[in-house]
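Visitor: What follows is a structure written as structure tokens; I'll ask about it next.
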2 protein chains.
Amino acid sequence: MAKVITLKDVAREAGVHISTASRALNDETRSGVNVDTADRVLVAAARLGYQPHPLARGLRTNRTWTVGMVVPDLMNPLFPPIFAGAQNALDEIGYSLLIGADDEALERTGTVMTTFLERRVDGMLVANAHLDFTAPEALLRHEVPTVLINRSARDDSFPAIVGDDRTGLALVVRHLVELGHTRIAHVAGPHDISTGLCRRQAFLNALEDEGLASSERLVFEAGSFRIENGRAACDRLLDSGEEVTAIVAANDLIALGCIDAIQARGLSVPSDLSVTGYNDMTFVDRLEPPLTTVSVPYEAMGAAAAEVLLRLLAADDDGGDTAYEPVQLPPSLVVRASTGPIRPS
Amino acid sequence: MAKVITLKDVAREAGVHISTASRALNDETRSGVNVDTADRVLVAAARLGYQPHPLARGLRTNRTWTVGMVVPDLMNPLFPPIFAGAQNALDEIGYSLLIGADDEALERTGTVMTTFLERRVDGMLVANAHLDFTAPEALLRHEVPTVLINRSARDDSFPAIVGDDRTGLALVVRHLVELGHTRIAHVAGPHDISTGLCRRQAFLNALEDEGLASSERLVFEAGSFRIENGRAACDRLLDSGEEVTAIVAANDLIALGCIDAIQARGLSVPSDLSVTGYNDMTFVDRLEPPLTTVSVPYEAMGAAAAEVLLRLLAADDDGGDTAYEPVQLPPSLVVRASTGPIRPS
DNA sequence: CTGAAAGCGCTAACAA
DNA sequence: TTGTTAGCGCTTTCAG
């Protein structure tokens, strides 16, 4: 192990006291040091290849320049863009991102967050959509600034960045109505997941806004956001006797399950039934039929969350008892071939 | 900010000296302390909700319990499983994973690694496949244990976990030969990317092993691992006059580009031309036609890399001048409908 | 403007 | 077995 260069070495090399070297190397305190001396220190540091020791600095200043991000499942393709967006924004300011998955298990969420707290992260980004989540008491005790992503808390004690599901569902329903559909069902996601609940309500709202009869009877809940569960829920819908001509699914995977269920009965999409998804995942444009869906700006959400966190961090203030209005980012409708005009009967 | 509990508080509460408390709290040193005293300390720590400060500890012990992982692009669906595999393995031992993307830019790789080095990561996982990469001089100076994932270095100075492309390509070619194909082309990935080069050579080897004429004329290189570039390369192939009945693409995206190119000419897959991919990405089983491809155990690769790193970390030894044989994990062939028997001419 | 000195929270010799 | 002491590398008063 070659010798690692410390501040003391730089000071000696520059012929100044260690504290002077420290001041010269720090942007905020440089002003208080003779410009020539400062130069000498900078040069010495560069020559020696000095790298400040973040641990030592952090120990002193009580900042780790680290933020932790909690996601439900790393394999879920929704999260990489969120992560990337946040990463880019934080990276610029010099923060590193620690990442932890809770595998959709509510009790793991606390564990992961506690790990982050132990590591003294400066802030936290929580992209976990479970509604029954409660922040570890320690989180509040330590007052670590935290921003929620893609989920609204039950309360509004944390700032949150969410997709505007209300608008998204309105776009979808409007699109179907324009195609002539009036009997539209919703295959919903789990009601204990933020997006599941949100989109369900947004769907019912959208129906009303279009002047259509809105009823819980038009909603069929899938046990999870997966193809199999979407298919099962759609089967129940098709067996229910509700005569619908279009299905709005809570996400793309559920939509695929619906399409499977429909095709398994010898019906076709979109001529017999139109189907829409949500998220615009990779490749859904290349499926048969290409999926009409809603594109959500996940990367922008990650970036926005990071910005908010950065602001809190800069203010060195966790917001206290401030109530936060969730920031909603606008989705956009992507029309493809899984929706079509209602068939003349 | 509520008072944060320090070791001193625990010591006072337990009525012992701070160093005794330290020993009692540490698994390795607990033996050297009276069992009753130790108990008292443990209880006190629990009651106060003591959390050791990792920075202070790290400053002293020179370990951060952090490892850095470099990936080319967070959005690339190949990496989440690698990441998840590594994360799970490391998490168990108490390591946290820092992640950094170099956006496929060679010069960013060094920057990201330097950031990690500055943060004094205990080890590094590099999932960057660029062949012209050279480790920052500092990496070697600091002797930070490093494991490569999904790429073989030009030299073997770092341990590496890679997919066994040789076997993967052999499986594909064998499959095609069994279907009666004898004129098989390869649409390769970039030759400066490890997997691009590797698979190209593996393809040519596989041809020979099957007793087929192997020639560089059967290889058409795509500028990148993307659909557009795959399509362009395939166009060149189709224009070249080489009469082939099957195309082995270097990855799934290139395969999709090939299928696009073929279908654009009014030909059909697989009746006119068989096409194979590589990676078995999500949804390629649902495309039209469903893609015959090779499934690579990326999650296992991430886990394996973490294991190797953990071993190096435990040995507190970067391996010095050891030469490492890359560990190859076996892929498996997934036969779907994009390949079929050769058409009787 | 610069130096001296204290101390962040912890671990690890060394003594007792 | 326990306490004393020094110090990891850095920032930050406080004097000069």
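By convention in this document, the chains of the structure tokens carry letters A, B, ... by their order, each chain's residues are numbered from 1, and ligands are numbered from 1 in the order they are shown.
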Using 7 Å as the limit and counting only C-alpha atoms, can you tabulate each residue of chain A that touches chain B, with its shortest atom-to-atom distance in Å and the two atoms involved, as JSON lines?

Guide:
{"residue": "A:Met1", "atom": "CA", "partner": "B:His142", "partner_atom": "CA", "distance": 5.9}
{"residue": "A:Ala2", "atom": "CA", "partner": "B:Arg141", "partner_atom": "CA", "distance": 5.8}
{"residue": "A:Gln51", "atom": "CA", "partner": "B:Glu118", "partner_atom": "CA", "distance": 6.3}
{"residue": "A:His53", "atom": "CA", "partner": "B:Glu118", "partner_atom": "CA", "distance": 6.9}
{"residue": "A:Pro54", "atom": "CA", "partner": "B:Arg119", "partner_atom": "CA", "distance": 6.0}
{"residue": "A:Leu55", "atom": "CA", "partner": "B:Leu55", "partner_atom": "CA", "distance": 5.3}
{"residue": "A:Ala56", "atom": "CA", "partner": "B:Leu59", "partner_atom": "CA", "distance": 6.2}
{"residue": "A:Leu59", "atom": "CA", "partner": "B:Leu55", "partner_atom": "CA", "distance": 6.0}
{"residue": "A:Leu74", "atom": "CA", "partner": "B:Pro80", "partner_atom": "CA", "distance": 5.8}
{"residue": "A:Met75", "atom": "CA", "partner": "B:Pro80", "partner_atom": "CA", "distance": 5.3}
{"residue": "A:Pro80", "atom": "CA", "partner": "B:Met75", "partner_atom": "CA", "distance": 5.4}
{"residue": "A:Pro81", "atom": "CA", "partner": "B:Met75", "partner_atom": "CA", "distance": 5.9}
{"residue": "A:Ala84", "atom": "CA", "partner": "B:Leu74", "partner_atom": "CA", "distance": 6.1}
{"residue": "A:Leu97", "atom": "CA", "partner": "B:Leu98", "partner_atom": "CA", "distance": 6.1}
{"residue": "A:Leu98", "atom": "CA", "partner": "B:Leu98", "partner_atom": "CA", "distance": 5.0}
{"residue": "A:Ile99", "atom": "CA", "partner": "B:Leu97", "partner_atom": "CA", "distance": 6.6}
{"residue": "A:Glu118", "atom": "CA", "partner": "B:Gln51", "partner_atom": "CA", "distance": 6.3}
{"residue": "A:Arg119", "atom": "CA", "partner": "B:Pro54", "partner_atom": "CA", "distance": 6.0}
{"residue": "A:Arg141", "atom": "CA", "partner": "B:Ala2", "partner_atom": "CA", "distance": 6.0}
{"residue": "A:His142", "atom": "CA", "partner": "B:Met1", "partner_atom": "CA", "distance": 6.0}
{"residue": "A:Glu143", "atom": "CA", "partner": "B:Met1", "partner_atom": "CA", "distance": 6.4}
{"residue": "A:Phe283", "atom": "CA", "partner": "B:Phe283", "partner_atom": "CA", "distance": 6.9}
{"residue": "A:Arg286", "atom": "CA", "partner": "B:Leu287", "partner_atom": "CA", "distance": 6.4}
{"residue": "A:Leu287", "atom": "CA", "partner": "B:Leu287", "partner_atom": "CA", "distance": 5.1}
{"residue": "A:Glu288", "atom": "CA", "partner": "B:Glu288", "partner_atom": "CA", "distance": 6.6}

Visitor: Which residues of chain D are close to chain B, meaning at most 8 Å apart when you count only C-alpha atoms (C1' of nucleotides), and how do they look as a list in words?

Guide: DT1, DT2, DG3, DC8 and DG9 of chain D

Visitor: Those selected residues, please, written with N, CA and C atoms (P, O5', C5', C4', C3', O3' and C1' of nucleotides) and delivered as an mmCIF file, in the first residue's frame.

Guide:
data_model
loop_
_atom_site.group_PDB
_atom_site.id
_atom_site.type_symbol
_atom_site.label_atom_id
_atom_site.label_comp_id
_atom_site.auth_asym_id
_atom_site.auth_seq_id
_atom_site.Cartn_x
_atom_site.Cartn_y
_atom_site.Cartn_z
ATOM 1 P P DT D 1 -11.333 -12.506 31.344
ATOM 2 O "O5'" DT D 1 -11.545 -10.974 31.686
ATOM 3 C "C5'" DT D 1 -12.387 -10.567 32.715
ATOM 4 C "C4'" DT D 1 -11.869 -9.255 33.169
ATOM 5 C "C3'" DT D 1 -12.465 -8.054 32.443
ATOM 6 O "O3'" DT D 1 -13.357 -7.410 33.344
ATOM 7 C "C1'" DT D 1 -10.126 -7.807 32.833
ATOM 8 P P DT D 2 -14.272 -6.255 32.953
ATOM 9 O "O5'" DT D 2 -13.310 -5.010 32.953
ATOM 10 C "C5'" DT D 2 -13.165 -4.257 34.132
ATOM 11 C "C4'" DT D 2 -12.051 -3.283 33.933
ATOM 12 C "C3'" DT D 2 -12.429 -2.046 33.128
ATOM 13 O "O3'" DT D 2 -12.708 -1.012 34.054
ATOM 14 C "C1'" DT D 2 -10.204 -2.820 32.694
ATOM 15 P P DG D 3 -13.199 0.399 33.551
ATOM 16 O "O5'" DG D 3 -11.821 1.196 33.435
ATOM 17 C "C5'" DG D 3 -11.052 1.352 34.602
ATOM 18 C "C4'" DG D 3 -9.740 2.027 34.263
ATOM 19 C "C3'" DG D 3 -9.893 3.403 33.595
ATOM 20 O "O3'" DG D 3 -8.954 4.291 34.188
ATOM 21 C "C1'" DG D 3 -8.541 2.002 32.249
ATOM 22 P P DC D 8 -2.356 9.892 13.381
ATOM 23 O "O5'" DC D 8 -3.330 9.271 12.281
ATOM 24 C "C5'" DC D 8 -3.556 7.881 12.166
ATOM 25 C "C4'" DC D 8 -4.966 7.668 11.661
ATOM 26 C "C3'" DC D 8 -5.442 8.782 10.743
ATOM 27 O "O3'" DC D 8 -5.231 8.378 9.389
ATOM 28 C "C1'" DC D 8 -7.106 8.201 12.403
ATOM 29 P P DG D 9 -4.243 9.206 8.452
ATOM 30 O "O5'" DG D 9 -5.135 10.461 8.039
ATOM 31 C "C5'" DG D 9 -6.299 10.272 7.267
ATOM 32 C "C4'" DG D 9 -7.118 11.541 7.344
ATOM 33 C "C3'" DG D 9 -6.376 12.795 6.883
ATOM 34 O "O3'" DG D 9 -7.126 13.335 5.816
ATOM 35 C "C1'" DG D 9 -7.497 13.174 8.926
#

Visitor: Among stretch 116-334 of chain A, which residues carry a DSSP assignment of strand (DSSP E or B), reported as an MDAnalysis selection string?

Guide: chainID A and resid 123:126 130 146:149 160:163 184:188 193 219:221 246:249 274:276 279 287 292:295 327:329 332:334

Visitor: Keeping N, CA and C atoms, export the residues of the selection given above as a tab-separated table (two decimals), in the first residue's frame.

Guide:
chain	number	residue	atom	x	y	z
A	123	GLY	N	-29.43	12.50	3.27
A	123	GLY	CA	-30.83	12.60	2.87
A	123	GLY	C	-31.30	11.27	2.31
A	124	MET	N	-32.59	11.18	2.09
A	124	MET	CA	-33.13	9.91	1.58
A	124	MET	C	-34.17	10.13	0.50
A	125	LEU	N	-34.14	9.22	-0.46
A	125	LEU	CA	-35.13	9.20	-1.54
A	125	LEU	C	-35.87	7.88	-1.41
A	126	VAL	N	-37.18	7.93	-1.29
A	126	VAL	CA	-37.93	6.70	-1.09
A	126	VAL	C	-38.89	6.48	-2.26
A	130	HIS	N	-45.60	1.44	-1.27
A	130	HIS	CA	-46.53	0.83	-0.35
A	130	HIS	C	-47.18	1.87	0.55
A	146	THR	N	-36.07	13.84	3.59
A	146	THR	CA	-36.52	12.71	2.80
A	146	THR	C	-37.54	13.14	1.76
A	147	VAL	N	-37.39	12.59	0.58
A	147	VAL	CA	-38.35	12.90	-0.49
A	147	VAL	C	-38.92	11.60	-1.03
A	148	LEU	N	-40.22	11.57	-1.22
A	148	LEU	CA	-40.89	10.38	-1.75
A	148	LEU	C	-40.99	10.47	-3.27
A	149	ILE	N	-40.86	9.32	-3.91
A	149	ILE	CA	-40.97	9.28	-5.37
A	149	ILE	C	-42.04	8.29	-5.79
A	160	ALA	N	-43.21	14.98	-1.98
A	160	ALA	CA	-43.33	13.83	-2.86
A	160	ALA	C	-43.37	14.25	-4.32
A	161	ILE	N	-42.75	13.44	-5.14
A	161	ILE	CA	-42.82	13.64	-6.59
A	161	ILE	C	-43.61	12.47	-7.15
A	162	VAL	N	-44.72	12.75	-7.77
A	162	VAL	CA	-45.53	11.64	-8.28
A	162	VAL	C	-45.92	11.89	-9.73
A	163	GLY	N	-46.30	10.79	-10.39
A	163	GLY	CA	-46.85	10.96	-11.73
A	163	GLY	C	-48.26	11.48	-11.58
A	184	ILE	N	-66.61	1.10	-20.38
A	184	ILE	CA	-65.17	0.93	-20.17
A	184	ILE	C	-64.91	0.38	-18.77
A	185	ALA	N	-64.11	-0.67	-18.67
A	185	ALA	CA	-63.78	-1.24	-17.36
A	185	ALA	C	-62.34	-0.92	-16.99
A	186	HIS	N	-62.04	-1.09	-15.71
A	186	HIS	CA	-60.68	-0.87	-15.24
A	186	HIS	C	-60.17	-2.13	-14.55
A	187	VAL	N	-59.01	-2.62	-14.98
A	187	VAL	CA	-58.37	-3.68	-14.21
A	187	VAL	C	-57.31	-2.99	-13.37
A	188	ALA	N	-57.60	-2.92	-12.10
A	188	ALA	CA	-56.81	-2.11	-11.18
A	188	ALA	C	-55.62	-2.86	-10.60
A	193	ILE	N	-51.21	-0.35	-2.79
A	193	ILE	CA	-50.08	0.30	-3.45
A	193	ILE	C	-50.58	1.65	-3.94
A	219	VAL	N	-64.73	-1.95	-11.90
A	219	VAL	CA	-63.33	-2.10	-11.48
A	219	VAL	C	-63.05	-3.52	-11.02
A	220	PHE	N	-62.02	-4.12	-11.57
A	220	PHE	CA	-61.60	-5.47	-11.18
A	220	PHE	C	-60.15	-5.39	-10.75
A	221	GLU	N	-59.90	-5.79	-9.52
A	221	GLU	CA	-58.57	-5.58	-8.97
A	221	GLU	C	-57.67	-6.79	-9.16
A	246	ALA	N	-64.04	-1.75	-23.85
A	246	ALA	CA	-62.65	-1.31	-23.66
A	246	ALA	C	-62.21	-1.56	-22.22
A	247	ILE	N	-60.92	-1.86	-22.08
A	247	ILE	CA	-60.36	-2.11	-20.75
A	247	ILE	C	-59.16	-1.21	-20.52
A	248	VAL	N	-59.23	-0.49	-19.42
A	248	VAL	CA	-58.10	0.35	-19.02
A	248	VAL	C	-57.35	-0.40	-17.93
A	249	ALA	N	-56.12	-0.79	-18.22
A	249	ALA	CA	-55.34	-1.53	-17.23
A	249	ALA	C	-54.48	-0.58	-16.42
A	274	SER	N	-60.86	-3.04	-26.87
A	274	SER	CA	-59.66	-2.21	-26.83
A	274	SER	C	-59.02	-2.36	-25.45
A	275	VAL	N	-57.69	-2.29	-25.41
A	275	VAL	CA	-56.97	-2.41	-24.14
A	275	VAL	C	-55.90	-1.33	-24.06
A	276	THR	N	-55.79	-0.70	-22.90
A	276	THR	CA	-54.70	0.27	-22.71
A	276	THR	C	-53.84	-0.11	-21.51
A	279	ASN	N	-47.40	3.17	-18.43
A	279	ASN	CA	-45.94	3.21	-18.20
A	279	ASN	C	-45.12	3.26	-19.47
A	287	LEU	N	-44.98	-5.25	-29.43
A	287	LEU	CA	-45.79	-6.44	-29.15
A	287	LEU	C	-46.92	-6.52	-30.17
A	292	THR	N	-51.32	0.61	-26.76
A	292	THR	CA	-51.65	2.00	-26.44
A	292	THR	C	-51.45	2.17	-24.94
A	293	THR	N	-50.70	3.18	-24.55
A	293	THR	CA	-50.35	3.29	-23.14
A	293	THR	C	-50.04	4.73	-22.77
A	294	VAL	N	-49.65	4.94	-21.55
A	294	VAL	CA	-49.33	6.28	-21.08
A	294	VAL	C	-47.87	6.31	-20.69
A	295	SER	N	-47.15	7.25	-21.23
A	295	SER	CA	-45.73	7.36	-20.93
A	295	SER	C	-45.53	8.27	-19.72
A	327	VAL	N	-45.62	17.13	-5.92
A	327	VAL	CA	-45.34	17.66	-7.25
A	327	VAL	C	-45.76	16.62	-8.28
A	328	GLN	N	-46.58	17.02	-9.20
A	328	GLN	CA	-47.07	16.05	-10.18
A	328	GLN	C	-46.46	16.32	-11.54
A	329	LEU	N	-45.85	15.29	-12.12
A	329	LEU	CA	-45.25	15.45	-13.45
A	329	LEU	C	-46.20	14.89	-14.50
A	332	SER	N	-47.92	11.40	-20.77
A	332	SER	CA	-48.44	11.66	-22.12
A	332	SER	C	-48.98	10.38	-22.73
A	333	LEU	N	-50.02	10.54	-23.50
A	333	LEU	CA	-50.68	9.39	-24.10
A	333	LEU	C	-49.90	8.93	-25.33
A	334	VAL	N	-49.73	7.61	-25.45
A	334	VAL	CA	-49.08	7.06	-26.63
A	334	VAL	C	-50.06	6.12	-27.32

Visitor: Find the residues of chain C that sit at most 7 Å from chain A; for each, write down the nearest two atoms and how far apart they are in Å, to one decimal. Count only C-alpha atoms (C1' of nucleotides). Sort by chain, then by number going up, and give it as CSV.

Guide:
residue,atom,partner,partner_atom,distance
C:DC1,C1',A:Val33,CA,5.9
C:DT2,C1',A:Thr20,CA,6.7
C:DG3,C1',A:His17,CA,6.5
C:DC8,C1',A:Arg60,CA,4.6

Visitor: Can you measure atom CA of A:Pro159 to atom CA of A:Tyr324 for me? One decimal in Å is fine.

Guide: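 Going from atom CA of A:Pro159 over to atom CA of A:Tyr324, I get 5.1 Å.
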
Visitor: In terms of the shortest atom-to-atom distance over only C-alpha atoms, which of B:Asp132, B:Asp252, B:Glu208, B:Asp164 is closest to B:Met301?

Guide: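 Closest to B:Met301 of all the choices is B:Asp164.
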
Visitor: Need the shell around C:DA6: protein/DNA/RNA residues with any atom at most 12 Å away, counting only C-alpha atoms (C1' of nucleotides). Skip same-chain ones fewer than 4 positions apart. Format as a short mmCIF file (atom, residue, chain, number, x, y, z; two decimals) with C-alpha atoms (C1' of nucleotides), in the first residue's frame?

Guide:
data_model
loop_
_atom_site.label_atom_id
_atom_site.label_comp_id
_atom_site.auth_asym_id
_atom_site.auth_seq_id
_atom_site.Cartn_x
_atom_site.Cartn_y
_atom_site.Cartn_z
CA ARG A 60 -15.90 16.78 11.61
"C1'" DT D 11 -12.25 21.52 10.36
"C1'" DT D 12 -12.77 25.26 13.34
"C1'" DT D 13 -12.56 28.11 17.09
"C1'" DC D 14 -9.27 31.16 19.32
#

Visitor: Under the rule that only C-alpha atoms are counted, which of B:Pro326, B:Leu291, B:Val35, B:Ala250 is the nearest residue to B:Leu197?

Guide: B:Ala250

Visitor: Among stretch 115-321 of chain B, which ones does DSSP assign to alpha helix (DSSP H) (computed from the backbone)? Answer as a ChimeraX atom specification.

Guide: /B:115-118,137-142,165-178,194-209,227-239,252-264,298-315
